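Data block for work.txt (compact mmCIF, C-alpha atoms (C1' of nucleotides)):
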```
# COMPACT_ATOMS: atom_id res chain seq x y z
CA MET F 857 179.16 94.24 109.08
CA THR F 858 179.36 94.91 105.39
CA ALA F 859 182.71 96.02 104.08
CA THR F 860 181.66 99.31 102.59
CA GLU F 861 184.99 100.48 101.25
CA PRO F 862 185.37 97.87 98.50
CA MET F 863 181.75 98.38 97.57
CA LEU F 864 182.29 102.12 97.25
CA ARG F 865 185.27 101.61 94.99
CA LEU F 866 183.45 99.08 92.85
CA CYS F 867 180.30 101.14 92.50
CA HIS F 868 182.21 104.28 91.75
CA ALA F 869 184.15 102.49 89.07
CA LEU F 870 180.89 101.32 87.52
CA SER F 871 179.21 104.71 87.69
CA ASP F 872 180.76 106.09 84.52
CA GLY F 873 179.58 105.55 80.99
CA THR F 874 183.00 105.22 79.46
CA ARG F 875 184.03 102.61 81.98
CA LEU F 876 180.84 100.65 81.44
CA GLU F 877 181.49 100.64 77.71
CA ILE F 878 184.99 99.40 78.32
CA LEU F 879 183.70 96.52 80.40
CA GLN F 880 181.13 95.63 77.78
CA ARG F 881 183.90 95.29 75.21
CA LEU F 882 185.99 93.23 77.58
CA ARG F 883 183.18 90.71 77.95
CA HIS F 884 184.28 89.20 74.66
CA GLY F 885 187.83 88.70 75.78
CA GLU F 886 190.89 90.70 76.62
CA ARG F 887 191.65 93.83 74.66
CA CYS F 888 194.55 96.21 74.38
CA VAL F 889 194.19 99.93 74.88
CA CYS F 890 194.59 100.81 71.24
CA ASP F 891 191.75 98.50 70.30
CA LEU F 892 189.48 99.99 72.94
CA ALA F 893 190.41 103.50 71.86
CA GLU F 894 189.33 102.70 68.34
CA ALA F 895 186.15 100.92 69.37
CA LEU F 896 185.04 103.64 71.76
CA ASP F 897 186.32 106.57 69.73
CA ALA F 898 188.07 107.91 72.80
CA GLY F 899 191.44 109.50 73.26
CA GLN F 900 194.25 107.29 74.50
CA SER F 901 194.82 109.40 77.59
CA ARG F 902 191.17 109.24 78.55
CA LEU F 903 191.09 105.47 78.20
CA SER F 904 194.23 105.07 80.24
CA PHE F 905 192.63 107.12 83.00
CA HIS F 906 189.50 104.99 83.07
CA LEU F 907 191.41 101.73 82.83
CA LYS F 908 193.44 102.77 85.83
CA THR F 909 190.25 103.51 87.72
CA LEU F 910 188.86 100.09 86.81
CA LYS F 911 192.12 98.42 87.76
CA ASP F 912 192.36 100.20 91.10
CA ALA F 913 188.83 99.04 91.86
CA GLY F 914 189.88 95.49 91.03
CA LEU F 915 187.43 95.17 88.18
CA VAL F 916 190.01 94.51 85.48
CA LEU F 917 193.34 92.76 85.23
CA ASP F 918 196.18 93.80 82.97
CA ARG F 919 198.87 91.81 81.25
CA ARG F 920 201.82 93.15 79.31
CA GLU F 921 202.90 91.46 76.10
CA GLY F 922 205.55 93.28 74.19
CA ARG F 923 204.40 96.81 73.52
CA TRP F 924 200.80 96.01 74.24
CA VAL F 925 198.96 95.84 77.50
CA TYR F 926 195.94 93.60 77.51
CA TYR F 927 193.05 94.27 79.84
CA SER F 928 190.45 91.74 80.91
CA ILE F 929 187.55 91.56 83.31
CA ASN F 930 188.25 90.21 86.77
CA PRO F 931 185.25 87.95 87.42
CA GLU F 932 185.99 87.84 91.14
CA ALA F 933 185.18 91.52 91.41
CA LEU F 934 181.73 90.93 89.98
CA VAL F 935 181.14 88.13 92.45
CA GLU F 936 182.30 90.33 95.28
CA LEU F 937 180.00 93.16 94.28
CA SER F 938 177.15 90.74 93.89
CA ALA F 939 177.70 89.62 97.47
CA CYS F 940 177.73 93.24 98.63
CA LEU F 941 174.45 93.79 96.86
CA GLU F 942 172.86 90.86 98.62
CA SER F 943 173.99 92.30 101.90
CA LEU F 944 171.75 95.27 101.17
CA ALA F 945 168.62 93.23 100.64
CA PRO F 946 166.04 93.84 103.37
CA HIS F 947 166.16 91.59 106.38
CA PRO F 948 163.43 89.00 106.60
CA GLU F 949 163.58 89.25 110.40
CA ARG F 950 162.43 92.27 112.33
CA SER F 951 161.30 94.03 109.17
CA GLY F 952 158.78 96.80 109.21
CA GLY F 953 159.59 98.17 112.60
CA ALA F 954 158.41 101.76 112.56
CA CYS F 955 160.44 104.42 114.25
CA CYS F 956 158.84 107.84 114.68
CA ALA F 957 155.51 106.67 115.99
CA MET P 532 172.02 95.37 74.64
CA THR P 533 172.40 96.33 78.26
CA ALA P 534 170.48 99.39 79.34
CA THR P 535 173.38 101.41 80.64
CA GLU P 536 171.52 104.47 81.88
CA PRO P 537 169.67 102.80 84.76
CA MET P 538 172.84 101.00 85.72
CA LEU P 539 174.75 104.26 85.79
CA ARG P 540 172.16 105.83 88.05
CA LEU P 541 172.11 102.82 90.34
CA CYS P 542 175.87 102.57 90.62
CA HIS P 543 176.28 106.28 91.14
CA ALA P 544 173.70 106.19 93.90
CA LEU P 545 175.62 103.38 95.58
CA SER P 546 178.99 105.06 95.25
CA ASP P 547 178.62 107.30 98.28
CA GLY P 548 179.28 106.40 101.87
CA THR P 549 176.37 108.33 103.32
CA ARG P 550 173.93 106.69 100.94
CA LEU P 551 175.29 103.25 101.71
CA GLU P 552 174.83 103.90 105.39
CA ILE P 553 171.27 104.98 104.75
CA LEU P 554 170.55 101.77 102.90
CA GLN P 555 172.10 99.69 105.65
CA ARG P 556 169.72 101.27 108.14
CA LEU P 557 166.79 100.71 105.84
CA ARG P 558 167.54 97.00 105.71
CA HIS P 559 165.79 96.67 109.05
CA GLY P 560 162.62 98.34 107.87
CA GLU P 561 161.38 101.71 106.79
CA ARG P 562 162.66 104.80 108.52
CA CYS P 563 161.76 108.46 108.53
CA VAL P 564 164.28 111.18 107.84
CA CYS P 565 164.50 112.37 111.41
CA ASP P 566 165.40 108.90 112.58
CA LEU P 567 168.09 108.54 109.95
CA ALA P 568 169.43 111.97 110.78
CA GLU P 569 169.85 110.96 114.37
CA ALA P 570 171.31 107.55 113.57
CA LEU P 571 173.81 108.90 111.05
CA ASP P 572 174.55 112.16 112.83
CA ALA P 573 173.93 114.07 109.62
CA GLY P 574 172.18 117.33 108.91
CA GLN P 575 168.61 117.19 107.67
CA SER P 576 169.43 118.94 104.42
CA ARG P 577 172.21 116.54 103.67
CA LEU P 578 170.03 113.51 104.28
CA SER P 579 167.27 114.90 102.14
CA PHE P 580 169.73 115.37 99.32
CA HIS P 581 170.96 111.80 99.50
CA LEU P 582 167.49 110.36 99.89
CA LYS P 583 166.48 112.17 96.74
CA THR P 584 169.44 110.72 94.93
CA LEU P 585 168.51 107.22 96.10
CA LYS P 586 164.91 107.79 95.15
CA ASP P 587 165.75 109.10 91.70
CA ALA P 588 167.84 106.00 91.13
CA GLY P 589 164.88 103.87 92.15
CA LEU P 590 166.69 102.36 95.11
CA VAL P 591 164.26 103.57 97.74
CA LEU P 592 160.54 104.19 97.99
CA ASP P 593 158.93 106.88 100.08
CA ARG P 594 155.59 107.00 101.80
CA ARG P 595 154.08 109.99 103.51
CA GLU P 596 152.25 109.54 106.77
CA GLY P 597 151.22 112.73 108.45
CA ARG P 598 154.22 114.93 108.89
CA TRP P 599 156.62 112.10 108.43
CA VAL P 600 157.97 110.57 105.27
CA TYR P 601 159.05 106.97 105.54
CA TYR P 602 161.74 105.60 103.27
CA SER P 603 162.29 101.95 102.47
CA ILE P 604 164.48 99.90 100.18
CA ASN P 605 163.07 98.99 96.80
CA PRO P 606 164.09 95.35 96.37
CA GLU P 607 163.37 95.46 92.65
CA ALA P 608 166.22 97.88 92.17
CA LEU P 609 168.65 95.43 93.73
CA VAL P 610 167.39 92.69 91.46
CA GLU P 611 167.74 94.95 88.46
CA LEU P 612 171.29 95.88 89.32
CA SER P 613 172.12 92.27 89.95
CA ALA P 614 170.93 91.47 86.45
CA CYS P 615 173.04 94.29 85.03
CA LEU P 616 176.04 92.88 86.84
CA GLU P 617 175.50 89.47 85.33
CA SER P 618 175.36 91.08 81.93
CA LEU P 619 178.95 92.15 82.51
CA ALA P 620 180.24 88.68 83.24
CA PRO P 621 182.59 87.45 80.52
CA HIS P 622 181.04 85.53 77.67
CA PRO P 623 181.65 81.81 77.67
CA GLU P 624 181.56 81.84 73.86
CA ARG P 625 184.25 83.48 71.80
CA SER P 626 186.25 84.37 74.88
CA GLY P 627 189.92 85.06 74.69
CA GLY P 628 189.97 86.40 71.18
CA ALA P 629 193.04 88.56 70.94
CA CYS P 630 192.91 91.81 69.06
CA CYS P 631 196.22 93.50 68.32
CA ALA P 632 198.04 90.47 67.06
C1' DA E 264 144.73 132.04 112.48
C1' DG E 265 149.03 131.04 114.47
C1' DG E 266 152.84 128.12 116.15
C1' DA E 267 155.63 124.03 116.09
C1' DC E 268 157.58 120.31 113.69
C1' DA E 269 159.14 117.28 109.56
C1' DT E 270 160.82 117.51 105.20
C1' DA E 271 162.06 119.51 100.64
C1' DT E 272 164.41 122.86 97.93
C1' DC E 273 167.54 126.60 96.80
C1' DA E 274 171.96 129.18 96.51
C1' DA E 275 176.76 129.33 97.36
C1' DT E 276 181.01 127.32 98.48
C1' DG E 277 184.35 123.69 98.21
C1' DA E 278 185.88 119.19 96.78
C1' DA E 279 186.22 115.47 93.73
C1' DT E 280 186.13 113.92 89.05
C1' DC E 281 186.58 113.88 83.98
C1' DT E 282 188.73 115.62 79.76
C1' DT E 283 192.40 117.30 76.88
C1' DG E 284 196.94 118.04 75.26
C1' DA E 285 201.75 117.45 76.19
C1' DT E 286 205.54 114.79 77.93
C1' DG E 287 208.01 110.53 79.05
C1' DG E 288 209.19 105.66 79.19
C1' DA E 289 209.42 101.05 77.44
C1' DG E 290 209.62 97.73 73.60
C1' DG E 291 210.24 96.38 68.86
C1' DA E 292 212.00 97.34 64.04
C1' DT E 293 215.44 99.10 60.77
C1' DA X 691 221.62 104.33 67.53
C1' DT X 692 217.45 105.99 65.81
C1' DC X 693 212.77 105.91 64.92
C1' DC X 694 208.19 104.44 65.70
C1' DT X 695 204.39 102.51 68.29
C1' DC X 696 201.81 101.69 72.58
C1' DC X 697 200.87 103.17 76.86
C1' DA X 698 201.18 105.80 81.40
C1' DT X 699 201.42 110.09 83.71
C1' DC X 700 201.18 114.99 84.46
C1' DA X 701 199.19 119.72 84.50
C1' DA X 702 195.36 122.73 83.51
C1' DG X 703 190.64 123.63 82.59
C1' DA X 704 185.86 122.19 82.81
C1' DT X 705 182.25 119.73 84.86
C1' DT X 706 179.93 117.30 88.29
C1' DC X 707 178.97 116.32 93.03
C1' DA X 708 178.51 117.01 98.15
C1' DT X 709 177.94 120.05 102.08
C1' DT X 710 176.03 123.92 104.53
C1' DG X 711 172.77 127.40 105.85
C1' DA X 712 168.65 129.69 104.69
C1' DT X 713 164.08 129.53 103.00
C1' DA X 714 159.77 127.24 101.56
C1' DT X 715 156.02 123.69 101.82
C1' DG X 716 153.00 120.84 104.24
C1' DT X 717 150.92 118.84 108.37
C1' DC X 718 149.33 118.81 112.93
C1' DC X 719 147.84 121.03 117.19
C1' DT X 720 145.73 124.73 119.93
```
Starting from the file, lay out its structure as structure tokens.
Amino acid sequence: MTATEPMLRLCHALSDGTRLEILQRLRHGERCVCDLAEALDAGQSRLSFHLKTLKDAGLVLDRREGRWVYYSINPEALVELSACLESLAPHPERSGGACCA
Amino acid sequence: MTATEPMLRLCHALSDGTRLEILQRLRHGERCVCDLAEALDAGQSRLSFHLKTLKDAGLVLDRREGRWVYYSINPEALVELSACLESLAPHPERSGGACCA
DNA sequence: AGGACATATCAATGAATCTTGATGGAGGAT
DNA sequence: ATCCTCCATCAAGATTCATTGATATGTCCT
């Protein structure tokens, strides 16, 4: 019984180049949108869209401080996805059973 | 230097419910398309499309035997994606450096 | 050769997603 | 109060993706 819904959200969030770049920047610590916009050479609206997608998937956390909003990676999401991945690894037991013979 | 292209393909392939269901069936051993079609109650054309997507991403392997084509999970792909995931985990060093201060 | 079956591919439609530019709201500075 | 900055949200267009039905390819059997 793998929970497929969270895995779908997580994988979808990771299946975009812009979002992957965002996460790679966030590895080094939290960043505000304006900093990411400059680093990725992307419009502010576009970044906001992708950050919302990442946040809805649970992959990033946000924190407001004055005018700025700081985003950071949510390590729990990576752990969760890692667990989902393991749940896809082939069974040791009962493996290799053919079907259409 | 994370290779983002393979990760994009892998994550995109995993970001679809039908494809996830396919992989869950394949955990128990290789299956032919007709068996998956029956198990998932999906049209043959649809399954073929998703199997191609999974194959292009490297997540499954196929093997022809007579009229049937057997698909199976490629465990290396899971390992590769797992490594990509780890490469997204926050750095221990230089973490927490603020930007827009 | 011809027929039946398993699978792949193609074309067309529809749905979901991404991008862009404009608007709005919230917080600080003067 | 006014302006300015940072960010979110909306609407419209463009692109990508999934589904369906029809057609093609390949294999086996007779």
Distance table requested - chain P against chain F, cut-off 8 Å, all atoms listed in the file: one row per qualifying residue with the closest atom pair and its distance in Å to one decimal, ordered by chain and rising residue number, as CSV.
```
residue,atom,partner,partner_atom,distance
P:Thr535,CA,F:Gly873,CA,7.5
P:Met538,CA,F:Ser871,CA,7.6
P:Leu539,CA,F:Ser871,CA,4.9
P:Arg540,CA,F:Ser871,CA,7.1
P:Leu541,CA,F:Ser871,CA,7.8
P:Cys542,CA,F:Ser871,CA,4.9
P:His543,CA,F:Ser871,CA,4.8
P:Leu545,CA,F:Cys867,CA,6.0
P:Ser546,CA,F:His868,CA,4.8
P:Asp547,CA,F:Leu864,CA,6.4
P:Gly548,CA,F:Leu864,CA,7.0
P:Leu551,CA,F:Thr860,CA,7.5
P:Leu554,CA,F:Leu944,CA,6.8
P:Gln555,CA,F:Leu944,CA,6.3
P:Leu557,CA,F:Pro946,CA,7.3
P:Arg558,CA,F:Pro946,CA,4.2
P:His559,CA,F:Ser951,CA,5.2
P:Gly560,CA,F:Gly952,CA,4.3
P:Glu561,CA,F:Gly952,CA,6.1
P:Arg562,CA,F:Cys955,CA,6.2
P:Cys563,CA,F:Cys956,CA,6.8
P:Cys565,CA,F:Cys956,CA,8.0
P:Asp566,CA,F:Cys955,CA,6.9
P:Trp599,CA,F:Cys956,CA,7.9
P:Ile604,CA,F:Pro946,CA,7.0
P:Pro606,CA,F:Ala945,CA,6.6
P:Leu609,CA,F:Leu941,CA,6.8
P:Ser613,CA,F:Ser938,CA,6.6
P:Leu616,CA,F:Leu934,CA,6.8
P:Glu617,CA,F:Leu934,CA,7.9
P:Leu619,CA,F:Gln880,CA,6.3
P:Ala620,CA,F:Arg883,CA,6.4
P:Pro621,CA,F:Arg883,CA,4.2
P:His622,CA,F:Arg883,CA,5.6
P:Glu624,CA,F:His884,CA,7.9
P:Arg625,CA,F:His884,CA,6.4
P:Ser626,CA,F:Gly885,CA,4.7
P:Gly627,CA,F:Gly885,CA,4.3
P:Gly628,CA,F:Gly885,CA,5.6
P:Ala629,CA,F:Glu886,CA,6.4
P:Cys630,CA,F:Arg887,CA,6.1
P:Cys631,CA,F:Cys888,CA,6.8
```
What residues in chain E lie within 8 Å of chain F, counting all atoms listed in the file, written as a VMD selection string?
chain E and resid 282 289 to 291
Coordinates of box centre and edge lengths for segment 894-899 of chain F, 5 Å on every side, axis-aligned, as AutoDock Vina command-line options:
```
--center_x 188.2 --center_y 105.2 --center_z 70.8 --size_x 16.4 --size_y 18.6 --size_z 14.9
```
Exercise: residues within 12 Å of coordinate (209.8, 107.0, 81.4), counting only C-alpha atoms (C1' of nucleotides), as JSON, numbers by chain:
{"E": [286, 287, 288, 289], "X": [697, 698, 699]}
Which of E:DA285, E:DA292, E:DA269, E:DA279 sits closest to DA702 of chain X [using all atoms listed in the file]
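Answer, going by the shortest atom-to-atom distance: E:DA285.
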